[in-house]
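Working notes, structure below.
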Amino acid sequence: MIPLVDLKLQYQLHKAEIDAAMQEAAANAQYILGPNVKALEADLAAYCDCKRGVGVGNCTDGLHLALRALRIGPGDEVITSPFTFVATTEAIGIVGATPVFVDIDPATFNMDPSLIEAAITPRTRVILPVHLYGQPCDMDPIMAIARKHGLRVVEDCAQAIGATYHGRKVGSFGDIGCLSFFPSKNLGCFGDGGMVVTNDEELYGRVEMLRRHGGRVKYHHEEIGLNSRLDELQGAILRVKFRYLEEWTEARRRHAVRYNELLAGTPNLPLPSEIADVRAVYHQYTVRVKDRKAIQATLAEAGVSSFVYYPVPLHLQEVHADRGYERGAFGYAEAAADEVLSLPMFPEMTEEQQQKVARAVRAASHGQ
């Protein structure tokens, strides 16, 4: 079976370096906010075209801390996409704010900037774009709207580390960007992990304080915070893997080009698309199909894994039932949730594996 992502293979290819880094971190015995985390914070901030980075327990915490740093709370509204993982709105809810959805661009699966202004109310405080599947959002109009209305911007970059828009890395456009190091991400650790990046020194200071129980000085606490610190062992692993991130990103992009060539002309199979002047990083290679259940069954029989990210849009989730949205409220997001299908995508994929995937997809699509 060709897996969606092959983490075992990636570990085996870099086992000696990773094991040595873990052994060194264990022997050093600075397990909380040690030298590996500090070095990773500096390196990833620079990589993301930002001045500061704060390692946190996971990207959900990063989004939560970003909103807390911006002093978002009850009564405030945050405009975001209904087509993403629940962590995006989970962070909004944790601080007591209200998510307000705008529909997506069906070509990119990202929020449609042309719909944002109509969703703004006197309670709107933040726009939270999600760079889904590693495809950058159209940030110029989003930032223009934010400036016009005096709004803050938090970028959810969980799936998009290294992606660029008009030559700049995602995460550097808004006030704060949030990264995920979940194991299957383009830069993944051996458990949960995340980072907040920013060019704003005040926001950096607040996130850094809030992640360690709301205090700048040990045993002196200014406000209620979190215990959300990236582990030193994870920092050591990530520093090794970070050396290969650009190489892996370019491999993903080559795989996307090959998939596009192999699947071109397949009926009933819209392929991923990029807006102008971006570098997508293809955390997922996601197509659209009509009879998804049947196609997934056919792919499985052919030895090809596939997965659905995400089958239920957020406005129709039980957790957001209080918002009163019904089916039909965001038609493009709903159609995407019914049709998207992610195919195997990882840097170590071989051409033979991609050809096998493409043959299976073409055969399944012709049977629709």
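Note on naming: chains are A, B, ... as they come in the structure tokens, residues start from 1 per chain, ligands start from 1 in the order shown.
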Run DSSP on the backbone and tell me which residues of segment 1-235 of chain A come out as strand (DSSP E); list them as a PyMOL selection string. chain A and resi 52-56+77-80+98-101+124-128+152-156+164-165+168-169+176-180+194-198
Kindly export the residues of the current selection with N, CA and C atoms, as a CSV table (one decimal), in the first residue's frame.
chain,number,residue,atom,x,y,z
A,52,ARG,N,11.1,37.3,15.3
A,52,ARG,CA,11.0,36.5,16.5
A,52,ARG,C,10.2,35.2,16.3
A,53,GLY,N,10.6,34.2,17.1
A,53,GLY,CA,9.8,32.9,17.1
A,53,GLY,C,9.7,32.5,18.5
A,54,VAL,N,8.5,31.9,18.8
A,54,VAL,CA,8.3,31.3,20.2
A,54,VAL,C,7.8,29.9,20.0
A,55,GLY,N,8.6,28.9,20.5
A,55,GLY,CA,8.2,27.5,20.4
A,55,GLY,C,7.1,27.2,21.4
A,56,VAL,N,6.0,26.6,21.0
A,56,VAL,CA,4.9,26.3,21.8
A,56,VAL,C,4.5,24.8,21.7
A,77,GLU,N,-15.2,39.5,17.3
A,77,GLU,CA,-15.4,38.6,16.2
A,77,GLU,C,-14.2,38.4,15.4
A,78,VAL,N,-14.0,37.1,14.9
A,78,VAL,CA,-12.8,36.8,14.1
A,78,VAL,C,-13.3,36.2,12.8
A,79,ILE,N,-12.9,36.8,11.7
A,79,ILE,CA,-13.3,36.3,10.4
A,79,ILE,C,-12.4,35.3,9.9
A,80,THR,N,-12.9,34.1,9.5
A,80,THR,CA,-12.0,33.0,9.1
A,80,THR,C,-12.7,32.2,8.0
A,98,THR,N,-16.0,35.0,18.8
A,98,THR,CA,-16.9,34.4,18.0
A,98,THR,C,-16.4,34.3,16.5
A,99,PRO,N,-16.4,33.1,16.0
A,99,PRO,CA,-15.9,32.9,14.6
A,99,PRO,C,-17.0,33.4,13.6
A,100,VAL,N,-16.6,34.1,12.6
A,100,VAL,CA,-17.5,34.6,11.5
A,100,VAL,C,-16.9,34.1,10.2
A,101,PHE,N,-17.7,33.3,9.5
A,101,PHE,CA,-17.1,32.6,8.3
A,101,PHE,C,-17.4,33.4,7.0
A,124,THR,N,-15.9,43.2,14.8
A,124,THR,CA,-14.8,42.5,14.2
A,124,THR,C,-13.4,43.0,14.6
A,125,ARG,N,-12.5,42.1,15.0
A,125,ARG,CA,-11.2,42.5,15.5
A,125,ARG,C,-10.1,41.9,14.7
A,126,VAL,N,-10.3,40.7,14.1
A,126,VAL,CA,-9.2,39.9,13.5
A,126,VAL,C,-9.7,39.3,12.3
A,127,ILE,N,-8.8,39.2,11.3
A,127,ILE,CA,-9.0,38.3,10.1
A,127,ILE,C,-8.0,37.2,10.3
A,128,LEU,N,-8.5,35.9,10.2
A,128,LEU,CA,-7.6,34.8,10.4
A,128,LEU,C,-7.6,33.9,9.1
A,152,ARG,N,-6.6,43.3,13.0
A,152,ARG,CA,-5.4,42.6,13.1
A,152,ARG,C,-5.5,41.3,12.3
A,153,VAL,N,-4.3,40.7,11.9
A,153,VAL,CA,-4.3,39.5,11.1
A,153,VAL,C,-3.5,38.5,11.7
A,154,VAL,N,-4.0,37.3,11.9
A,154,VAL,CA,-3.3,36.1,12.4
A,154,VAL,C,-3.3,35.1,11.3
A,155,GLU,N,-2.2,34.6,10.9
A,155,GLU,CA,-2.1,33.7,9.8
A,155,GLU,C,-2.0,32.2,10.3
A,156,ASP,N,-2.9,31.4,9.9
A,156,ASP,CA,-2.8,30.0,10.3
A,156,ASP,C,-1.9,29.3,9.2
A,164,THR,N,5.4,30.8,-0.2
A,164,THR,CA,5.7,32.2,-0.4
A,164,THR,C,4.6,32.8,-1.3
A,165,TYR,N,4.3,34.1,-1.0
A,165,TYR,CA,3.4,34.9,-1.8
A,165,TYR,C,4.1,36.2,-2.2
A,168,ARG,N,7.4,36.6,-0.5
A,168,ARG,CA,7.5,36.7,1.0
A,168,ARG,C,6.9,35.4,1.6
A,169,LYS,N,7.5,34.9,2.7
A,169,LYS,CA,7.0,33.7,3.3
A,169,LYS,C,5.6,34.0,4.1
A,176,ILE,N,0.8,38.1,13.4
A,176,ILE,CA,1.4,36.8,13.9
A,176,ILE,C,1.1,35.7,13.0
A,177,GLY,N,2.1,34.8,12.8
A,177,GLY,CA,1.9,33.6,12.1
A,177,GLY,C,2.0,32.4,13.0
A,178,CYS,N,1.3,31.3,12.7
A,178,CYS,CA,1.3,30.1,13.6
A,178,CYS,C,1.7,28.9,12.8
A,179,LEU,N,2.7,28.1,13.3
A,179,LEU,CA,3.2,27.0,12.6
A,179,LEU,C,2.9,25.7,13.4
A,180,SER,N,2.7,24.6,12.7
A,180,SER,CA,2.5,23.3,13.3
A,180,SER,C,3.7,22.3,13.0
A,194,GLY,N,4.7,23.3,18.0
A,194,GLY,CA,4.3,24.4,17.2
A,194,GLY,C,5.1,25.6,17.5
A,195,MET,N,4.9,26.7,16.7
A,195,MET,CA,5.7,27.9,16.9
A,195,MET,C,4.8,29.1,16.4
A,196,VAL,N,5.0,30.2,17.1
A,196,VAL,CA,4.5,31.5,16.7
A,196,VAL,C,5.6,32.3,16.2
A,197,VAL,N,5.4,33.0,15.1
A,197,VAL,CA,6.4,33.9,14.5
A,197,VAL,C,5.8,35.3,14.4
A,198,THR,N,6.6,36.3,14.5
A,198,THR,CA,6.1,37.7,14.5
A,198,THR,C,7.2,38.7,14.2
Residues at most 8 Å from Gly75 of chain A, counting only C-alpha atoms, excluding those fewer than 3 positions away in the same chain, as a PDB file with C-alpha atoms, in the first residue's frame?
ATOM      1  CA  GLY A  96     -14.335  33.612  24.179  1.00  0.00           C
ATOM      2  CA  ALA A  97     -14.522  35.260  20.758  1.00  0.00           C
ATOM      3  CA  THR A  98     -16.941  34.380  17.952  1.00  0.00           C
ATOM      4  CA  ARG A 123     -17.260  43.775  16.746  1.00  0.00           C
TER       5      ARG A 123
END
Go through A:Tyr310, A:Phe181, A:Tyr259, A:Tyr282 one by one, measure the shortest atom-to-atom distance of each to Ala160 of chain A using only C-alpha atoms, and give the residue with the smallest value.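 Among the listed residues, A:Tyr282 lies closest to Ala160 of chain A.
Excluding Lys241 of chain A itself and same-chain residues fewer than 6 positions from it, the residues having an atom within 10 Å of it are A:Gln10, A:Tyr11, A:His14, A:Glu17, A:Ile18, A:Asn186, A:Leu187, A:Gly188, A:Cys189, A:Gly235, A:Trp248, counting only C-alpha atoms.
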Just-selected residues, N, CA and C atoms written as a tab-separated table (two decimals), in the first residue's frame:
chain	number	residue	atom	x	y	z
A	10	GLN	N	11.18	8.34	6.23
A	10	GLN	CA	11.90	9.58	6.50
A	10	GLN	C	12.83	9.43	7.71
A	11	TYR	N	12.33	8.76	8.74
A	11	TYR	CA	13.17	8.55	9.92
A	11	TYR	C	14.37	7.67	9.58
A	14	HIS	N	17.26	9.45	7.92
A	14	HIS	CA	17.98	10.45	8.72
A	14	HIS	C	18.18	9.97	10.16
A	17	GLU	N	21.48	11.01	12.26
A	17	GLU	CA	21.52	12.41	12.70
A	17	GLU	C	20.49	12.68	13.79
A	18	ILE	N	19.29	12.14	13.61
A	18	ILE	CA	18.22	12.39	14.58
A	18	ILE	C	18.55	11.72	15.92
A	186	ASN	N	4.93	19.20	6.88
A	186	ASN	CA	6.14	19.28	6.05
A	186	ASN	C	7.41	19.31	6.89
A	187	LEU	N	7.35	19.96	8.04
A	187	LEU	CA	8.40	19.89	9.05
A	187	LEU	C	7.75	19.38	10.32
A	188	GLY	N	7.88	18.07	10.56
A	188	GLY	CA	7.18	17.46	11.67
A	188	GLY	C	8.11	16.89	12.72
A	189	CYS	N	7.67	16.95	13.96
A	189	CYS	CA	8.47	16.37	15.04
A	189	CYS	C	7.94	14.99	15.40
A	235	GLY	N	12.73	19.99	19.84
A	235	GLY	CA	13.56	21.01	19.22
A	235	GLY	C	14.79	20.41	18.56
A	248	TRP	N	13.07	19.04	0.79
A	248	TRP	CA	11.78	18.33	0.80
A	248	TRP	C	10.70	19.15	0.12
Show which residues sit within 7 Å of segment 20-37 of chain A, as a PyMOL selection string. Count only C-alpha atoms, and ignore same-chain residues fewer than 3 positions away. chain A and resi 16-17+40-41+55+230-233+235-237
Applying 9 Å and only C-alpha atoms, which residues near Val340 of chain A remain after dropping the ones on its own chain fewer than 3 positions away? List them as JSON, numbers by chain. {"A": [286, 287, 288, 289, 290, 292, 307, 308, 309, 310, 311, 335, 336, 337]}
From the options A:Lys293, A:Glu274, A:Leu262, A:Asp338, which residue's atoms come nearest to Glu351 of chain A, counting only C-alpha atoms? A:Leu262
Among the residues A:Asn260, A:Ser365, A:Gln234, A:Gln159, the one that comes closest to Thr298 of chain A [using only C-alpha atoms]: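 Answer, going by the shortest atom-to-atom distance: A:Ser365.
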Quick one: residues within 7 Å of Phe83 of chain A, only C-alpha atoms counted, chain neighbours fewer than 2 positions away excluded, as a list in words?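 Final neighbour list, sorted by chain and number: Ser81, Pro313, Leu314 and Ala333 of chain A.
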Restricting to only C-alpha atoms, whichever of A:Cys48, A:Cys137, A:Leu67, A:Ile116 is closest to Arg206 of chain A is A:Leu67
Write out as a list in words all residues of segment 116-158 of chain A that DSSP puts in alpha helix (DSSP H) for this structure's backbone. Ile116, Glu117, Ala118, Ala119, Met139, Asp140, Pro141, Ile142, Met143, Ala144, Ile145, Ala146, Arg147, Lys148 and His149 of chain A
May I have the residues from that selection written out with N, CA and C atoms, as a short mmCIF file (atom, residue, chain, number, x, y, z; two decimals), in the first residue's frame?
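Final output, part-v6.cif:
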data_model
loop_
_atom_site.label_atom_id
_atom_site.label_comp_id
_atom_site.auth_asym_id
_atom_site.auth_seq_id
_atom_site.Cartn_x
_atom_site.Cartn_y
_atom_site.Cartn_z
N ILE A 116 -14.81 39.34 2.37
CA ILE A 116 -14.48 39.69 3.76
C ILE A 116 -15.20 40.95 4.23
N GLU A 117 -15.17 42.00 3.41
CA GLU A 117 -15.73 43.28 3.88
C GLU A 117 -17.21 43.17 4.26
N ALA A 118 -17.95 42.34 3.53
CA ALA A 118 -19.37 42.18 3.84
C ALA A 118 -19.59 41.51 5.19
N ALA A 119 -18.58 40.81 5.69
CA ALA A 119 -18.70 40.10 6.97
C ALA A 119 -18.24 40.94 8.15
N MET A 139 -2.91 37.30 -0.06
CA MET A 139 -2.69 38.15 1.12
C MET A 139 -2.77 39.64 0.83
N ASP A 140 -2.47 40.11 -0.36
CA ASP A 140 -2.51 41.55 -0.62
C ASP A 140 -3.89 42.14 -0.34
N PRO A 141 -4.96 41.61 -0.91
CA PRO A 141 -6.28 42.18 -0.60
C PRO A 141 -6.68 41.96 0.85
N ILE A 142 -6.28 40.85 1.45
CA ILE A 142 -6.60 40.62 2.86
C ILE A 142 -5.95 41.69 3.73
N MET A 143 -4.68 41.97 3.49
CA MET A 143 -3.98 42.98 4.28
C MET A 143 -4.53 44.38 4.01
N ALA A 144 -4.92 44.64 2.78
CA ALA A 144 -5.50 45.96 2.46
C ALA A 144 -6.81 46.17 3.21
N ILE A 145 -7.63 45.14 3.27
CA ILE A 145 -8.89 45.24 4.01
C ILE A 145 -8.62 45.42 5.50
N ALA A 146 -7.64 44.68 6.03
CA ALA A 146 -7.31 44.81 7.45
C ALA A 146 -6.86 46.23 7.78
N ARG A 147 -6.00 46.80 6.94
CA ARG A 147 -5.53 48.17 7.18
C ARG A 147 -6.67 49.17 7.08
N LYS A 148 -7.54 49.00 6.11
CA LYS A 148 -8.65 49.92 5.90
C LYS A 148 -9.57 49.96 7.12
N HIS A 149 -9.77 48.81 7.75
CA HIS A 149 -10.74 48.72 8.84
C HIS A 149 -10.08 48.63 10.22
#
Compile the contact shell of Leu210 of chain A as a list in words: residues with an atom at most 8 Å away, counting only C-alpha atoms, same-chain residues fewer than 6 positions apart removed. Leu65, Ala69, Glu223, Ile224, Gly225 and Leu226 of chain A
Measure the distance from atom CA of Leu9 of chain A to atom CA of Asp43 of chain A in Å and round it to one decimal. 25.5 Å
State, in Å with one decimal place, the distance from atom CA of Leu245 of chain A to atom CA of Pro106 of chain A.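 Computing the Euclidean distance for atom CA of Leu245 of chain A and atom CA of Pro106 of chain A yields 28.7 Å.
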